[in-house]
$ cat query-v1.cif   # mmCIF, C-alpha atoms
data_my_file
#
loop_
_atom_site.label_atom_id
_atom_site.label_comp_id
_atom_site.auth_asym_id
_atom_site.auth_seq_id
_atom_site.Cartn_x
_atom_site.Cartn_y
_atom_site.Cartn_z
CA MET E 1 9.26 44.24 9.98
CA THR E 2 12.30 43.55 7.83
CA GLY E 3 14.75 40.69 7.67
CA SER E 4 14.49 37.92 10.23
CA SER E 5 11.39 37.60 12.37
CA PRO E 6 11.26 38.28 16.13
CA VAL E 7 9.80 34.79 16.62
CA ASP E 8 12.55 32.24 17.22
CA LEU E 9 11.57 29.97 14.35
CA LYS E 10 14.64 27.81 14.68
CA ARG E 11 13.78 27.01 18.28
CA LEU E 12 10.12 26.39 17.38
CA ALA E 13 11.01 24.06 14.52
CA ALA E 14 13.44 22.15 16.73
CA ALA E 15 10.84 21.82 19.49
CA CYS E 16 8.19 20.60 17.02
CA ALA E 17 10.58 18.07 15.46
CA ALA E 18 11.67 16.87 18.92
CA THR E 19 8.14 16.27 20.20
CA ILE E 20 7.08 14.48 17.00
CA ALA E 21 10.21 12.30 17.11
CA ALA E 22 9.68 11.51 20.80
CA HIS E 23 6.08 10.47 20.11
CA ALA E 24 6.55 8.90 16.65
CA ASP E 25 5.96 5.38 17.93
CA GLU E 26 2.85 6.46 19.82
CA LEU E 27 1.47 8.26 16.74
CA THR E 28 2.19 5.24 14.58
CA ALA E 29 0.45 2.95 17.10
CA LEU E 30 -2.62 5.22 17.05
CA ASP E 31 -2.56 5.16 13.25
CA GLN E 32 -2.16 1.37 13.15
CA ALA E 33 -5.39 1.14 15.14
CA ILE E 34 -7.53 3.16 12.72
CA GLY E 35 -5.38 4.14 9.72
CA ASP E 36 -2.51 2.68 7.74
CA GLY E 37 0.13 2.99 10.42
CA ASP E 38 2.48 5.48 8.79
CA HIS E 39 1.51 8.74 10.50
CA GLY E 40 4.29 8.82 13.09
CA TYR E 41 7.07 8.07 10.61
CA ASN E 42 5.65 10.42 7.98
CA MET E 43 5.43 13.31 10.43
CA LYS E 44 8.90 12.56 11.80
CA ARG E 45 10.40 12.65 8.31
CA GLY E 46 8.65 15.93 7.51
CA PHE E 47 9.54 17.74 10.72
CA GLU E 48 13.14 16.53 10.60
CA ALA E 49 13.39 18.00 7.10
CA LEU E 50 11.79 21.21 8.35
CA SER E 51 14.14 21.42 11.32
CA ALA E 52 17.16 20.88 9.06
CA ASP E 53 16.08 23.95 7.07
CA ALA E 54 15.23 26.05 10.12
CA GLU E 55 18.30 28.29 9.96
CA ALA E 56 17.54 29.40 6.40
CA LEU E 57 13.84 29.74 7.17
CA ALA E 58 14.48 31.84 10.26
CA ALA E 59 16.39 34.39 8.16
CA ARG E 60 13.24 35.22 6.21
CA PRO E 61 10.28 37.40 7.24
CA LEU E 62 7.79 35.33 9.24
CA PRO E 63 5.02 35.05 6.58
CA ASP E 64 7.54 33.89 3.94
CA ALA E 65 9.18 31.51 6.41
CA LEU E 66 5.82 29.92 7.26
CA LYS E 67 4.93 29.49 3.58
CA ALA E 68 8.30 27.85 2.89
CA ALA E 69 7.92 25.63 5.97
CA GLY E 70 4.49 24.52 4.76
CA THR E 71 5.86 23.70 1.32
CA LYS E 72 8.65 21.69 2.96
CA LEU E 73 6.10 19.58 4.87
CA VAL E 74 4.01 19.07 1.72
CA MET E 75 7.05 17.77 -0.15
CA THR E 76 8.48 15.54 2.57
CA VAL E 77 5.69 14.02 4.69
CA GLY E 78 4.41 11.61 2.02
CA GLY E 79 0.91 10.95 3.36
CA ALA E 80 -2.31 12.95 3.43
CA SER E 81 -0.89 14.67 6.52
CA GLY E 82 1.66 16.48 4.33
CA PRO E 83 -0.86 18.63 2.42
CA LEU E 84 -2.97 19.11 5.57
CA PHE E 85 -0.24 20.26 7.96
CA GLY E 86 1.53 22.00 5.05
CA THR E 87 -1.62 23.89 4.09
CA MET E 88 -1.97 25.04 7.71
CA LEU E 89 1.47 26.70 7.62
CA MET E 90 1.20 27.94 4.01
CA ALA E 91 -2.18 29.55 4.70
CA LEU E 92 -0.96 31.02 7.99
CA GLY E 93 1.97 32.58 6.15
CA LYS E 94 -0.33 33.91 3.46
CA GLU E 95 -2.82 35.43 5.92
CA LEU E 96 -0.36 36.81 8.45
CA PRO E 97 0.51 40.51 8.14
CA ALA E 98 4.22 41.25 8.54
CA ASP E 99 3.61 43.21 11.75
CA ALA E 100 1.08 40.84 13.28
CA ASP E 101 -0.11 41.39 16.85
CA ARG E 102 -1.98 38.72 18.78
CA ALA E 103 -5.38 39.61 17.33
CA ALA E 104 -4.00 39.50 13.78
CA PHE E 105 -2.33 36.17 14.52
CA ALA E 106 -5.58 34.74 15.89
CA ALA E 107 -7.49 35.90 12.80
CA ALA E 108 -4.86 34.44 10.45
CA PHE E 109 -4.86 31.19 12.42
CA GLY E 110 -8.64 30.95 11.98
CA LYS E 111 -8.33 31.39 8.22
CA ALA E 112 -5.57 28.79 8.10
CA VAL E 113 -7.81 26.29 9.92
CA ASP E 114 -10.53 26.96 7.35
CA ALA E 115 -7.96 26.27 4.60
CA VAL E 116 -7.15 22.90 6.20
CA ALA E 117 -10.87 22.08 6.31
CA ALA E 118 -11.16 22.93 2.60
CA ARG E 119 -8.08 20.86 1.71
CA GLY E 120 -9.42 17.82 3.61
CA LYS E 121 -13.04 18.44 2.51
CA SER E 122 -13.92 17.95 6.16
CA GLU E 123 -15.55 19.71 9.07
CA LYS E 124 -15.59 19.62 12.87
CA GLY E 125 -16.85 16.43 14.53
CA GLN E 126 -15.52 13.98 11.92
CA LYS E 127 -12.60 12.70 14.04
CA THR E 128 -9.88 14.70 12.31
CA MET E 129 -7.22 17.25 13.23
CA LEU E 130 -9.94 19.91 12.85
CA ASP E 131 -11.39 18.70 16.15
CA VAL E 132 -8.29 20.13 17.83
CA LEU E 133 -7.63 23.06 15.50
CA TYR E 134 -11.05 24.70 15.98
CA PRO E 135 -10.94 24.65 19.82
CA VAL E 136 -7.35 25.99 19.66
CA ARG E 137 -8.50 28.76 17.33
CA ASP E 138 -11.27 29.68 19.78
CA ALA E 139 -8.91 29.62 22.77
CA LEU E 140 -6.44 31.80 20.88
CA ALA E 141 -9.16 34.29 19.95
CA ALA E 142 -10.42 34.35 23.54
CA GLY E 143 -7.02 35.51 24.74
CA ARG E 144 -6.16 32.38 26.71
CA SER E 145 -2.54 31.79 27.81
CA GLY E 146 -0.17 29.40 26.09
CA THR E 147 -0.50 26.91 28.95
CA GLU E 148 -4.29 27.06 28.72
CA ILE E 149 -4.24 26.66 24.93
CA ALA E 150 -1.97 23.61 25.19
CA ALA E 151 -4.40 22.09 27.71
CA VAL E 152 -7.34 22.77 25.39
CA ALA E 153 -5.44 21.01 22.59
CA ASP E 154 -4.72 17.94 24.75
CA GLU E 155 -8.31 17.70 25.96
CA SER E 156 -9.66 18.11 22.42
CA ALA E 157 -7.38 15.38 21.07
CA ASP E 158 -8.53 12.99 23.82
CA ALA E 159 -12.13 13.92 23.01
CA THR E 160 -11.75 12.48 19.48
CA ALA E 161 -11.70 8.92 20.92
CA PRO E 162 -15.50 8.43 21.13
CA LEU E 163 -16.07 9.98 17.69
CA ARG E 164 -16.79 7.89 14.62
CA ALA E 165 -14.51 8.69 11.69
CA ILE E 166 -16.20 10.05 8.58
CA ARG E 167 -13.18 11.29 6.64
CA GLY E 168 -9.87 9.65 5.76
CA ARG E 169 -8.71 6.07 5.97
CA ALA E 170 -10.28 5.61 9.42
CA SER E 171 -13.74 6.11 7.89
CA PHE E 172 -13.38 2.67 6.22
CA LEU E 173 -13.61 1.22 9.73
CA GLY E 174 -16.94 2.88 10.53
CA GLU E 175 -17.99 2.01 14.08
CA ARG E 176 -14.66 0.28 14.71
CA SER E 177 -12.95 3.70 14.66
CA VAL E 178 -14.78 4.54 17.88
CA GLY E 179 -12.62 4.29 21.01
CA HIS E 180 -9.34 5.35 19.43
CA VAL E 181 -7.79 8.83 19.59
CA ASP E 182 -7.31 10.29 16.12
CA PRO E 183 -3.57 10.34 15.31
CA GLY E 184 -3.74 13.64 13.40
CA SER E 185 -5.46 15.26 16.37
CA ARG E 186 -2.77 13.93 18.69
CA SER E 187 -0.08 15.37 16.41
CA VAL E 188 -1.75 18.79 16.45
CA ALA E 189 -1.95 18.72 20.26
CA LEU E 190 1.76 17.82 20.49
CA LEU E 191 2.70 20.62 18.10
CA VAL E 192 0.48 23.20 19.83
CA ARG E 193 2.12 22.35 23.16
CA ALA E 194 5.61 22.58 21.65
CA VAL E 195 4.83 25.98 20.13
CA ALA E 196 3.10 27.27 23.29
CA GLU E 197 6.05 26.27 25.47
CA ASN E 198 8.71 27.70 23.17
CA PHE E 199 7.04 30.86 21.89
CA GLY E 200 8.70 34.14 22.82
CA ALA E 201 10.52 33.74 26.15
CA MET B 1 -3.38 16.21 -28.99
CA ASN B 2 -4.94 13.60 -26.66
CA VAL B 3 -5.62 14.11 -22.96
CA GLY B 4 -2.83 12.78 -20.74
CA ILE B 5 -3.32 10.22 -17.97
CA VAL B 6 -1.44 10.13 -14.66
CA ILE B 7 -1.63 7.16 -12.28
CA VAL B 8 -0.87 7.81 -8.59
CA SER B 9 -0.79 4.89 -6.17
CA HIS B 10 0.63 4.36 -2.69
CA SER B 11 2.49 1.42 -4.24
CA PRO B 12 4.90 1.90 -7.17
CA LYS B 13 4.09 -1.67 -8.23
CA VAL B 14 0.36 -0.92 -8.44
CA ALA B 15 1.03 2.31 -10.34
CA GLU B 16 3.44 0.67 -12.80
CA GLY B 17 1.20 -2.38 -13.26
CA THR B 18 -1.79 -0.17 -13.97
CA ALA B 19 0.25 1.78 -16.51
CA ASP B 20 1.31 -1.51 -18.15
CA MET B 21 -2.35 -2.47 -18.53
CA VAL B 22 -3.19 0.89 -20.07
CA ARG B 23 -0.32 0.59 -22.56
CA GLN B 24 -1.31 -2.93 -23.58
CA MET B 25 -5.04 -2.23 -23.88
CA VAL B 26 -4.95 1.31 -25.23
CA GLY B 27 -1.56 1.64 -26.89
CA ASP B 28 0.75 4.62 -27.20
CA GLU B 29 -1.74 7.23 -28.39
CA VAL B 30 -2.14 8.73 -24.91
CA PRO B 31 0.52 10.58 -22.88
CA LEU B 32 0.88 8.42 -19.76
CA ALA B 33 2.89 8.67 -16.55
CA TRP B 34 2.78 7.01 -13.14
CA CYS B 35 4.26 7.44 -9.69
CA GLY B 36 3.99 5.65 -6.35
CA GLY B 37 5.71 5.57 -2.99
CA ASN B 38 6.56 8.20 -0.38
CA PRO B 39 9.72 10.37 -0.45
CA ASP B 40 11.59 7.57 1.42
CA GLY B 41 10.56 4.87 -1.06
CA GLY B 42 8.01 3.27 1.28
CA LEU B 43 4.29 3.00 0.63
CA GLY B 44 2.70 6.42 0.23
CA THR B 45 2.66 9.27 -2.25
CA SER B 46 4.95 12.20 -2.92
CA VAL B 47 3.77 15.60 -4.10
CA GLY B 48 7.10 16.17 -5.87
CA ASP B 49 6.78 12.87 -7.75
CA ILE B 50 3.18 13.66 -8.69
CA ILE B 51 4.19 17.06 -10.11
CA GLU B 52 6.90 15.34 -12.19
CA ALA B 53 4.44 12.72 -13.45
CA ILE B 54 2.01 15.45 -14.51
CA GLU B 55 4.86 17.14 -16.40
CA ARG B 56 5.73 13.88 -18.19
CA ALA B 57 2.11 13.24 -19.22
CA TRP B 58 1.38 16.90 -19.95
CA SER B 59 -0.94 17.64 -22.83
CA ASP B 60 -2.45 20.97 -23.80
CA ALA B 61 -5.76 19.06 -23.96
CA GLY B 62 -5.42 18.44 -20.22
CA VAL B 63 -4.47 15.71 -17.79
CA ALA B 64 -6.71 13.28 -15.86
CA ILE B 65 -5.24 11.83 -12.65
CA LEU B 66 -6.33 8.45 -11.28
CA VAL B 67 -5.59 7.80 -7.59
CA ASP B 68 -6.04 4.95 -5.13
CA LEU B 69 -6.59 5.84 -1.45
CA GLY B 70 -7.10 9.07 0.54
CA GLY B 71 -3.57 10.47 0.71
CA ALA B 72 -3.05 9.94 -3.01
CA GLU B 73 -6.05 12.18 -3.67
CA THR B 74 -5.04 14.88 -1.18
CA ASN B 75 -1.43 14.88 -2.40
CA SER B 76 -2.58 15.01 -6.04
CA GLU B 77 -4.83 17.99 -5.34
CA MET B 78 -1.90 19.68 -3.62
CA ALA B 79 0.32 18.98 -6.64
CA VAL B 80 -2.26 20.50 -9.01
CA GLU B 81 -2.48 23.60 -6.84
CA MET B 82 1.31 23.93 -6.75
CA ILE B 83 1.52 23.69 -10.54
CA GLY B 84 -0.77 26.71 -10.49
CA GLU B 85 -2.90 28.52 -13.04
CA PRO B 86 -3.42 28.50 -15.92
CA ARG B 87 -2.33 24.83 -16.27
CA SER B 88 -4.05 23.70 -13.07
CA LYS B 89 -7.40 24.43 -14.72
CA LYS B 90 -6.65 21.65 -17.21
CA ILE B 91 -5.87 18.98 -14.59
CA VAL B 92 -8.58 16.90 -12.88
CA VAL B 93 -8.24 14.35 -10.06
CA CYS B 94 -10.82 11.68 -10.95
CA ASN B 95 -13.16 9.96 -8.51
CA ALA B 96 -12.88 6.42 -9.89
CA PRO B 97 -11.25 3.04 -9.16
CA ILE B 98 -7.61 3.37 -10.18
CA VAL B 99 -7.21 0.40 -12.57
CA GLU B 100 -10.61 0.50 -14.29
CA GLY B 101 -10.58 4.30 -14.23
CA ALA B 102 -7.15 4.52 -15.87
CA VAL B 103 -8.02 2.04 -18.63
CA MET B 104 -11.41 3.60 -19.39
CA ALA B 105 -10.12 7.17 -19.22
CA ALA B 106 -7.21 6.31 -21.50
CA THR B 107 -9.51 4.52 -23.94
CA GLU B 108 -11.72 7.60 -24.10
CA ALA B 109 -8.67 9.89 -24.41
CA SER B 110 -7.17 7.81 -27.23
CA GLY B 111 -10.17 8.67 -29.38
CA GLY B 112 -9.50 12.37 -29.03
CA ALA B 113 -12.15 13.07 -26.39
CA SER B 114 -12.03 16.30 -24.38
CA LEU B 115 -10.83 16.38 -20.77
CA ARG B 116 -14.45 16.75 -19.63
CA GLU B 117 -15.47 13.62 -21.56
CA VAL B 118 -12.48 11.64 -20.29
CA VAL B 119 -13.23 12.58 -16.67
CA ALA B 120 -16.95 11.79 -17.10
CA THR B 121 -16.07 8.32 -18.41
CA ALA B 122 -13.92 7.64 -15.35
CA HIS B 123 -16.56 9.01 -12.97
CA GLU B 124 -19.16 6.60 -14.36
CA LEU B 125 -17.14 3.84 -12.65
CA ALA B 126 -17.36 5.46 -9.20
CA PRO B 127 -19.72 3.81 -6.72
CA ALA B 128 -22.92 5.86 -6.44
#
$ encode --input "query-v1.cif" --output "structure tokens"
Amino acid sequence: MTGSSPVDLKRLAAACAATIAAHADELTALDQAIGDGDHGYNMKRGFEALSADAEALAARPLPDALKAAGTKLVMTVGGASGPLFGTMLMALGKELPADADRAAFAAAFGKAVDAVAARGKSEKGQKTMLDVLYPVRDALAAGRSGTEIAAVADESADATAPLRAIRGRASFLGERSVGHVDPGSRSVALLVRAVAENFGA
Amino acid sequence: MNVGIVIVSHSPKVAEGTADMVRQMVGDEVPLAWCGGNPDGGLGTSVGDIIEAIERAWSDAGVAILVDLGGAETNSEMAVEMIGEPRSKKIVVCNAPIVEGAVMAATEASGGASLREVVATAHELAPA
């Protein structure tokens, strides 16, 4: 593969920015319940910056474009979400071969999720974005459709509500974090759905 | 050359105030820099600002970073990684309370202690 990628990155970035912007108040409300209440605005700022750069990004080979997109999020989000979501894209770009098929993409996605876990010093079951990323990785590897993967992401985000937070700001609340959906998990579910609905086609 | 100290808080006022305390209690023998606030100027931290603060406090003896809450730590670790080797090997994000950690680390650094000694002094303040 040379030059621009066959994936319509500009469309994907716009769809991601649009869904985050449309749900920014909801994400912030979730974060006010168990965090410091800045998640929605932080993510909106980051994805707006990413979307503004989408044209230039889309002109680059996909792995390079993903790495640059991750760096953009790291530099613009301003909360812990920046390095976490940024690491996801940077690692995906690093692991993805230039001529990736679905199996190669699924493998690279799995490594990127592991990189996020390392960055956050966290694991599954601690009420974090990993509780959506791991099920999505498994659904991707199992060959499920985009619609099915988006549903898995939604269900997994909802399933964070009964969990007690062990990592991040929400862990300060201990038992009081129980009963609230994790905002980072909700963001991942929104982004997975946006990507699934705008991929290819 | 003494180890440098970087203070990273969600609040620029906390970061600057902590730096003021270090300067008054320890003096000018230690390279010192601070940053606080997200890229929009609200509460939060900015990887770009942290990288710049590390550059300002850079010392070949190394740099110890003191942080407040979660995102400050994650963003500082990201900044260290983006600075890259070989310099990243001489930068440590300390697990310590930001104000006490900065003053104690700077005190240790002002006496010419190694990065390992400076970090160990800060870590002694961390809750067990």
$ closest_residue --input "query-v1.cif" --among "E:Ala80, E:Gly146, E:Val178, E:Leu66" --to "chain B" --atoms "all atoms listed in the file"
E:Ala80
$ resolve_selection --input "query-v1.cif" --expression "the PyMOL selection byres ((chain B) within 10 of (chain E))" --output "number ranges by chain"
B: 10, 37-49, 69-79, 82
$ closest_residue --input "query-v1.cif" --among "E:Ala165, E:Val181, E:Ala151, E:Leu62" --to "Glu197 (chain E)" --atoms "all atoms listed in the file"
E:Ala151
$ residues_near_point --input "query-v1.cif" --point "(-10.7, 32.0, 19.3)" --cutoff "12 Å" --atoms "only C-alpha atoms" --output "ChimeraX atom specification"
/E:102-111,113,133-145,149,152
$ atom_distance --input "query-v1.cif" --atom1 "CA of Arg186 (chain E)" --atom2 "CA of Val132 (chain E)"
8.3 Å
$ resolve_selection --input "query-v1.cif" --expression "the PyMOL selection byres ((chain B and resi 18-27) around 7)" --output "PyMOL selection string"
chain B and resi 14-17+28-29+34+99+102-103+106-107
$ residues_around --input "query-v1.cif" --residues "Arg87 (chain B)" --least-positions-apart "2" --cutoff "10 Å" --atoms "all atoms listed in the file" --output "ChimeraX atom specification"
/B:58-60,62-63,80-81,83-85,89-91
